[in-house]
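**Student:** If you scroll down you'll find the structure; I have some questions about it.
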Number of protein chains: 2
Amino acid sequence: MPSDPNDPPRDRVVGEEALIAEFWAPLAAEFPGAFGLEDDCAVIAPEAGHDLIVTTDAVIAGVHFFPGEGANEIAWKALAVNVSDLIAKGATPFAYVMSIALPEAPEHDWIKAFAEGLRLAQNMFHCHLIGGDTDRTPGPLSVSITAFGSVPAGRMVRRSTARPGDVVYVSGTIGDAALGLDLRRHAALSVRCTLGAGARARLDARFCAPLPPIALAPVVREMATAAMDISDGLVKDFGRLCRTSGVGGRIEAQRVPLSEETQAALAMGLTTLDRLITGGEDYEVLAAVRPQRAAEFERLAYAAGTRVTCIGTIAPPADGVVAIDATGAPLAIAHTGWDHFQSPDAS
Amino acid sequence: MPSDPNDPPRDRVVGEEALIAEFWAPLAAEFPGAFGLEDDCAVIAPEAGHDLIVTTDAVIAGVHFFPGEGANEIAWKALAVNVSDLIAKGATPFAYVMSIALPEAPEHDWIKAFAEGLRLAQNMFHCHLIGGDTDRTPGPLSVSITAFGSVPAGRMVRRSTARPGDVVYVSGTIGDAALGLDLRRHAALSVRCTLGAGARARLDARFCAPLPPIALAPVVREMATAAMDISDGLVKDFGRLCRTSGVGGRIEAQRVPLSEETQAALAMGLTTLDRLITGGEDYEVLAAVRPQRAAEFERLAYAAGTRVTCIGTIAPPADGVVAIDATGAPLAIAHTGWDHFQSPDAS
């Protein structure tokens with residue numbers, strides 16, 4: 001939102017209550033327990049026989065998105081990264097609360113675009129804003145969302161329940177967001193890239209406006225023994241799934257599904273398979289499925305319009321956790337994924 | 001957390017997962033649906049016949065607390081301001097999720113103190129950490145909490161249901177936090193202040209570590225027609241309660257309960273009644289009660305160990321919303337409360 005002092009003064013929103021009434025309240029209009037955001041709390045009347053599933057994730061300018069990013073894409077991503085967690089647990093999203101910290105008095109157009117991004121994401125993910133907090137901050141824009149989903153009682157798909165023999169699946173394609181980010185961040189790479197404008201825009205969108213596979217939630221719930229979303233890189237998150245489950249496992253890098261765009265970039269030498277499977281920000285589902293249910297899992301995913309690909313297996317703990325290349329040799333992976341607090345000299 | 005470059009290197013926590021395992025997971029140990037914070041989502045199994053009450057509020061360094069504030073007090077305040085909303089709705093707090101953005105790799109001692117502050121607040125307010133997100137930020141420390149409470153179905157006390165004839169109550173004393181903040185912020189005022197160290201510490205604590213009246217929640221639920229917490233100043237929040245309810249009302253400034261400390265400060269000319277009733281950060285309950293239930297409300301509040309004071313009445317909408325002084329004249333109030341986006345020249 002930086003503005004040139006020579007620019008004409010822009011239309012600004014004044015007053016927290018006006019902001020809520022004009023932009024946030026319409027996003028809450030269809031959820032009765034949100035009371036039009038005119039109360040201090042929201043009411044969720046739980047569905048009988050169902051558990052409430054809760055997750056929270058924040059996005060911060062300069063950390064999770066570029067400071068000059070479009071307001072609508074920031075809003076979309078803030079909600080999508082939360083919905084991604086719910087989907088991977090087999091939960092049906094239905095509501096969220098948002099705490100937003102704005103670095104200056106917001107411009108009308110910026111907030112309007114942000115609210116439109118939220119509206120699009122709400123429609124895509126079938127959920128409603130039910131409460132929030134709007135603050136001004138001396139720091140960067142940040143958006144912290146807590147999202148709510150529902151599952152039949154006791155049916156949340158855990159991270160810790162994978163079993164030796166399970167087949168390992170991922171949804172969609174892996175590495176697009178990492179490549180999209182690299183193309184933005186490294187001018188030299190971007191110059192060497194001969195991908196067309198459409199392909200570049202698709203890669204960029206995978207980073208800026210991820211689309212977790214909402215239709216897969218009920219399939220995960222019915223068919224997976226364990227699951228989680230892939231946000232910090234496939235290799236790292238697979239390691240977490242195995243460790244939390246107390247099992248070993250292996251994934252075959254050559255089987256990891258890649259988009260046409262990443263395949264072309266690999267052919268151009270713009271990226272490596274290592275980078276693609278460790279880069280993160282995929283917001284796809286990683287699921288372990290009993291082998292006797294694998295065919296049915298694939299069929300149901302296909303029927304839901306979602307691509308799933310078998311990339312490996314869960315093994316006994318003694319086998320360890322490995323990613324192997326086409327020759328069966330373990331991949332030498334320099335960085336296994338994203339950690340906010342890992343200092344460079346400690347990796 | 002600023003450190004002198006000549007200081008010896010301090011013990012630092014490395015790795016987001018170590019941070020979670022050492023400091024956050026113990027705060028979640030007693031809530032089964034938190035899964036020791038080892039999963040991506042938490043499960044809330046709703047109590048039969050109850051609604052889930054949800055609120056979210058963030059605190060940011062330099063906005064809601066001073067940048068050098070003690071970690072334990074920041075943690076306490078982050079949870080307390082959320083619990084305050086639940087209490088005023090008659091809800092029983094039981095859980096929260098926390099999204100924390102840290103400006104640098106956290107020092108072990110700082111995080112330890114922060115976790116201890118959360119532990120104390122959890123114990124005081126009977127609730128558990130059930131999920132979270134830990135990020136690094138180029139901006140100031142910020143802590144965004146979403147808190148959960150429970151009420152029997154349909155029994156959340158609304159802000160919008162006050163009725164003409166209702167008696168208006170506040171809990172505790174009003175203005176202590178505003179005076180505590182003023183003493184911190186204005187050196188000249190602090191120099192003129194002859195309050196003892198104990199009194200100053202109590203005022204400071206009301207700002208840094210507010211203590212919303214947890215025992216009052218069931219009394220509010222049973223007895224109030226409408227209620228909200230006082231966070232942006234009594235006058236402003238009373239105006240909101242009246243406006244949302246579509247009623248008028250008046251509060252008598254002389255009846256507003258003041259602590260010994262604020263009374264002494266008034267006598268010293270260090271503050272004004274205006275300032276005390278508009279300053280905010282009280283985190284007390286503002287409640288409207290039918291006149292025939294007023295005596296019982298007072299009795300139950302007293303039995304719960306909480307002071308409540310009648311400060312006015314709810315009136316028909318045509319009467320407007322007024323705060324009056326001892327002579328019955330409307331108070332001329334320059335600033336009616338806190339608004340993050342109200343620019344100084346617009347007030």
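The way I read the labels, and the way they are meant: chains A, B, ... in the order of the structure tokens, residue 1 as the first residue of every chain, and ligand 1 as the first ligand shown, with later ones counted on from there.
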Would you give me, as JSON, numbers by chain, the residues of chain A that come within 6 Å of chain B, using only C-alpha atoms?

**Tutor:** {"A": [14, 15, 16, 39, 41, 42, 43, 44, 45, 51, 52, 53, 54, 55, 56, 57, 105, 132, 133, 136, 139, 140, 159, 340, 341, 342]}

**Student:** Take the residues just selected and output them with N, CA and C atoms as a PDB file, in the first residue's frame.

**Tutor:**
```pdb
ATOM      1  N   VAL A  14     -12.200   5.358   6.957  1.00  0.00           N
ATOM      2  CA  VAL A  14     -11.951   5.856   8.306  1.00  0.00           C
ATOM      3  C   VAL A  14     -12.856   5.125   9.284  1.00  0.00           C
ATOM      4  N   GLY A  15     -12.274   4.574  10.324  1.00  0.00           N
ATOM      5  CA  GLY A  15     -13.089   3.986  11.373  1.00  0.00           C
ATOM      6  C   GLY A  15     -13.214   2.481  11.249  1.00  0.00           C
ATOM      7  N   GLU A  16     -12.870   1.816  12.348  1.00  0.00           N
ATOM      8  CA  GLU A  16     -12.910   0.362  12.404  1.00  0.00           C
ATOM      9  C   GLU A  16     -14.341  -0.140  12.185  1.00  0.00           C
ATOM     10  N   ASP A  39     -21.741  -8.645  17.361  1.00  0.00           N
ATOM     11  CA  ASP A  39     -21.548  -9.049  18.754  1.00  0.00           C
ATOM     12  C   ASP A  39     -20.062  -9.313  18.986  1.00  0.00           C
ATOM     13  N   CYS A  41     -18.765 -12.198  20.168  1.00  0.00           N
ATOM     14  CA  CYS A  41     -18.440 -13.598  19.921  1.00  0.00           C
ATOM     15  C   CYS A  41     -19.417 -14.147  18.887  1.00  0.00           C
ATOM     16  N   ALA A  42     -19.030 -15.260  18.289  1.00  0.00           N
ATOM     17  CA  ALA A  42     -19.921 -15.981  17.385  1.00  0.00           C
ATOM     18  C   ALA A  42     -20.392 -17.257  18.067  1.00  0.00           C
ATOM     19  N   VAL A  43     -21.521 -17.766  17.598  1.00  0.00           N
ATOM     20  CA  VAL A  43     -22.053 -19.022  18.117  1.00  0.00           C
ATOM     21  C   VAL A  43     -21.982 -20.084  17.031  1.00  0.00           C
ATOM     22  N   ILE A  44     -21.378 -21.200  17.360  1.00  0.00           N
ATOM     23  CA  ILE A  44     -21.444 -22.374  16.498  1.00  0.00           C
ATOM     24  C   ILE A  44     -22.331 -23.394  17.188  1.00  0.00           C
ATOM     25  N   ALA A  45     -23.450 -23.697  16.577  1.00  0.00           N
ATOM     26  CA  ALA A  45     -24.339 -24.721  17.121  1.00  0.00           C
ATOM     27  C   ALA A  45     -23.903 -26.036  16.484  1.00  0.00           C
ATOM     28  N   ASP A  51     -17.892 -33.924  15.249  1.00  0.00           N
ATOM     29  CA  ASP A  51     -16.827 -33.186  15.923  1.00  0.00           C
ATOM     30  C   ASP A  51     -16.531 -31.909  15.156  1.00  0.00           C
ATOM     31  N   LEU A  52     -16.063 -30.929  15.908  1.00  0.00           N
ATOM     32  CA  LEU A  52     -15.608 -29.682  15.309  1.00  0.00           C
ATOM     33  C   LEU A  52     -14.089 -29.783  15.123  1.00  0.00           C
ATOM     34  N   ILE A  53     -13.613 -29.487  13.937  1.00  0.00           N
ATOM     35  CA  ILE A  53     -12.178 -29.556  13.635  1.00  0.00           C
ATOM     36  C   ILE A  53     -11.659 -28.125  13.499  1.00  0.00           C
ATOM     37  N   VAL A  54     -10.554 -27.834  14.192  1.00  0.00           N
ATOM     38  CA  VAL A  54     -10.048 -26.463  14.291  1.00  0.00           C
ATOM     39  C   VAL A  54      -8.597 -26.392  13.840  1.00  0.00           C
ATOM     40  N   THR A  55      -8.280 -25.383  13.052  1.00  0.00           N
ATOM     41  CA  THR A  55      -6.886 -25.164  12.671  1.00  0.00           C
ATOM     42  C   THR A  55      -6.612 -23.678  12.588  1.00  0.00           C
ATOM     43  N   THR A  56      -5.352 -23.279  12.761  1.00  0.00           N
ATOM     44  CA  THR A  56      -5.018 -21.858  12.659  1.00  0.00           C
ATOM     45  C   THR A  56      -3.695 -21.681  11.934  1.00  0.00           C
ATOM     46  N   ASP A  57      -3.652 -20.701  11.055  1.00  0.00           N
ATOM     47  CA  ASP A  57      -2.451 -20.391  10.282  1.00  0.00           C
ATOM     48  C   ASP A  57      -2.474 -18.919   9.924  1.00  0.00           C
ATOM     49  N   ALA A 105      -3.815   3.163   7.718  1.00  0.00           N
ATOM     50  CA  ALA A 105      -5.244   3.270   7.470  1.00  0.00           C
ATOM     51  C   ALA A 105      -5.497   2.765   6.060  1.00  0.00           C
ATOM     52  N   GLY A 132     -14.005 -11.644  13.931  1.00  0.00           N
ATOM     53  CA  GLY A 132     -12.691 -11.139  13.576  1.00  0.00           C
ATOM     54  C   GLY A 132     -12.219 -10.040  14.478  1.00  0.00           C
ATOM     55  N   ASP A 133     -11.036  -9.570  14.135  1.00  0.00           N
ATOM     56  CA  ASP A 133     -10.386  -8.508  14.891  1.00  0.00           C
ATOM     57  C   ASP A 133      -9.546  -7.740  13.879  1.00  0.00           C
ATOM     58  N   ARG A 136      -4.397  -2.074  13.746  1.00  0.00           N
ATOM     59  CA  ARG A 136      -3.361  -1.384  13.001  1.00  0.00           C
ATOM     60  C   ARG A 136      -2.026  -1.826  13.583  1.00  0.00           C
ATOM     61  N   GLY A 139       4.071  -2.943  11.954  1.00  0.00           N
ATOM     62  CA  GLY A 139       4.797  -3.924  11.147  1.00  0.00           C
ATOM     63  C   GLY A 139       4.095  -4.210   9.834  1.00  0.00           C
ATOM     64  N   PRO A 140       4.424  -5.341   9.221  1.00  0.00           N
ATOM     65  CA  PRO A 140       3.836  -5.688   7.928  1.00  0.00           C
ATOM     66  C   PRO A 140       2.400  -6.182   8.071  1.00  0.00           C
ATOM     67  N   ARG A 159      -2.674 -37.716  11.603  1.00  0.00           N
ATOM     68  CA  ARG A 159      -1.362 -37.787  10.992  1.00  0.00           C
ATOM     69  C   ARG A 159      -0.618 -39.032  11.488  1.00  0.00           C
ATOM     70  N   HIS A 340      10.771 -22.014  10.059  1.00  0.00           N
ATOM     71  CA  HIS A 340      10.906 -20.582  10.340  1.00  0.00           C
ATOM     72  C   HIS A 340      12.116 -20.250  11.209  1.00  0.00           C
ATOM     73  N   PHE A 341      12.537 -21.185  12.045  1.00  0.00           N
ATOM     74  CA  PHE A 341      13.535 -20.829  13.043  1.00  0.00           C
ATOM     75  C   PHE A 341      14.856 -21.549  12.869  1.00  0.00           C
ATOM     76  N   GLN A 342      14.945 -22.331  11.784  1.00  0.00           N
ATOM     77  CA  GLN A 342      16.200 -23.010  11.517  1.00  0.00           C
ATOM     78  C   GLN A 342      17.172 -21.981  10.958  1.00  0.00           C
TER      79      GLN A 342
END
```

**Student:** Which residues in range 74-322 of chain A does DSSP call strand (DSSP E)? List them as JSON, numbers by chain.

**Tutor:** {"A": [92, 93, 94, 95, 96, 97, 98, 99, 100, 101, 102, 128, 129, 130, 131, 132, 133, 134, 135, 136, 142, 143, 144, 145, 146, 147, 148, 149, 150, 151, 152, 167, 168, 169, 170, 171, 226, 227, 228, 229, 230, 248, 249, 250, 251, 252, 284, 285, 286, 287, 288, 289, 308, 309, 310, 311, 312, 313, 314, 315, 321, 322]}

**Student:** May I have all residues of range 104-336 of chain B that DSSP, computed from the backbone, assigns to helix (DSSP H, G or I), given as a ChimeraX atom specification?

**Tutor:** /B:108-125,176-185,187-192,197-208,214-223,234-245,253-255,260-267,273-278,291-303,317-319

**Student:** Leu118 in chain A: which residues within 10 Å, counting only C-alpha atoms, same-chain residues fewer than 6 positions away excluded, as number ranges by chain?

**Tutor:** A: 24, 27, 71-80, 112, 124, 128-129

**Student:** Output C-alpha atoms for every residue in that selection, as a PDB file, in the first residue's frame.

**Tutor:**
```
ATOM      1  CA  TRP A  24     -16.491  -7.767   6.729  1.00  0.00           C
ATOM      2  CA  LEU A  27     -18.990 -11.938   4.344  1.00  0.00           C
ATOM      3  CA  ALA A  71      -4.996  -7.849  -1.961  1.00  0.00           C
ATOM      4  CA  ASN A  72      -7.377 -10.416  -3.410  1.00  0.00           C
ATOM      5  CA  GLU A  73      -4.640 -13.037  -3.671  1.00  0.00           C
ATOM      6  CA  ILE A  74      -3.429 -12.394  -0.120  1.00  0.00           C
ATOM      7  CA  ALA A  75      -6.959 -12.890   1.151  1.00  0.00           C
ATOM      8  CA  TRP A  76      -7.411 -16.048  -0.905  1.00  0.00           C
ATOM      9  CA  LYS A  77      -4.166 -17.542   0.328  1.00  0.00           C
ATOM     10  CA  ALA A  78      -4.884 -16.695   3.966  1.00  0.00           C
ATOM     11  CA  LEU A  79      -8.072 -18.740   3.849  1.00  0.00           C
ATOM     12  CA  ALA A  80      -6.808 -21.456   1.477  1.00  0.00           C
ATOM     13  CA  LYS A 112     -12.467  -3.881  -1.339  1.00  0.00           C
ATOM     14  CA  MET A 124     -14.879 -21.991  -3.423  1.00  0.00           C
ATOM     15  CA  HIS A 128     -18.293 -18.112   6.117  1.00  0.00           C
ATOM     16  CA  LEU A 129     -16.569 -15.402   8.091  1.00  0.00           C
TER      17      LEU A 129
END
```

**Student:** Range 214-225 of chain B: which residues within 10 Å, counting only C-alpha atoms, same-chain residues fewer than 6 positions away excluded, as a VMD selection string?

**Tutor:** chain B and resid 80 83 to 84 86 to 93 124 to 126 151 to 152 155 to 163 166 to 169 171 284 to 290 293 to 294 296 to 308
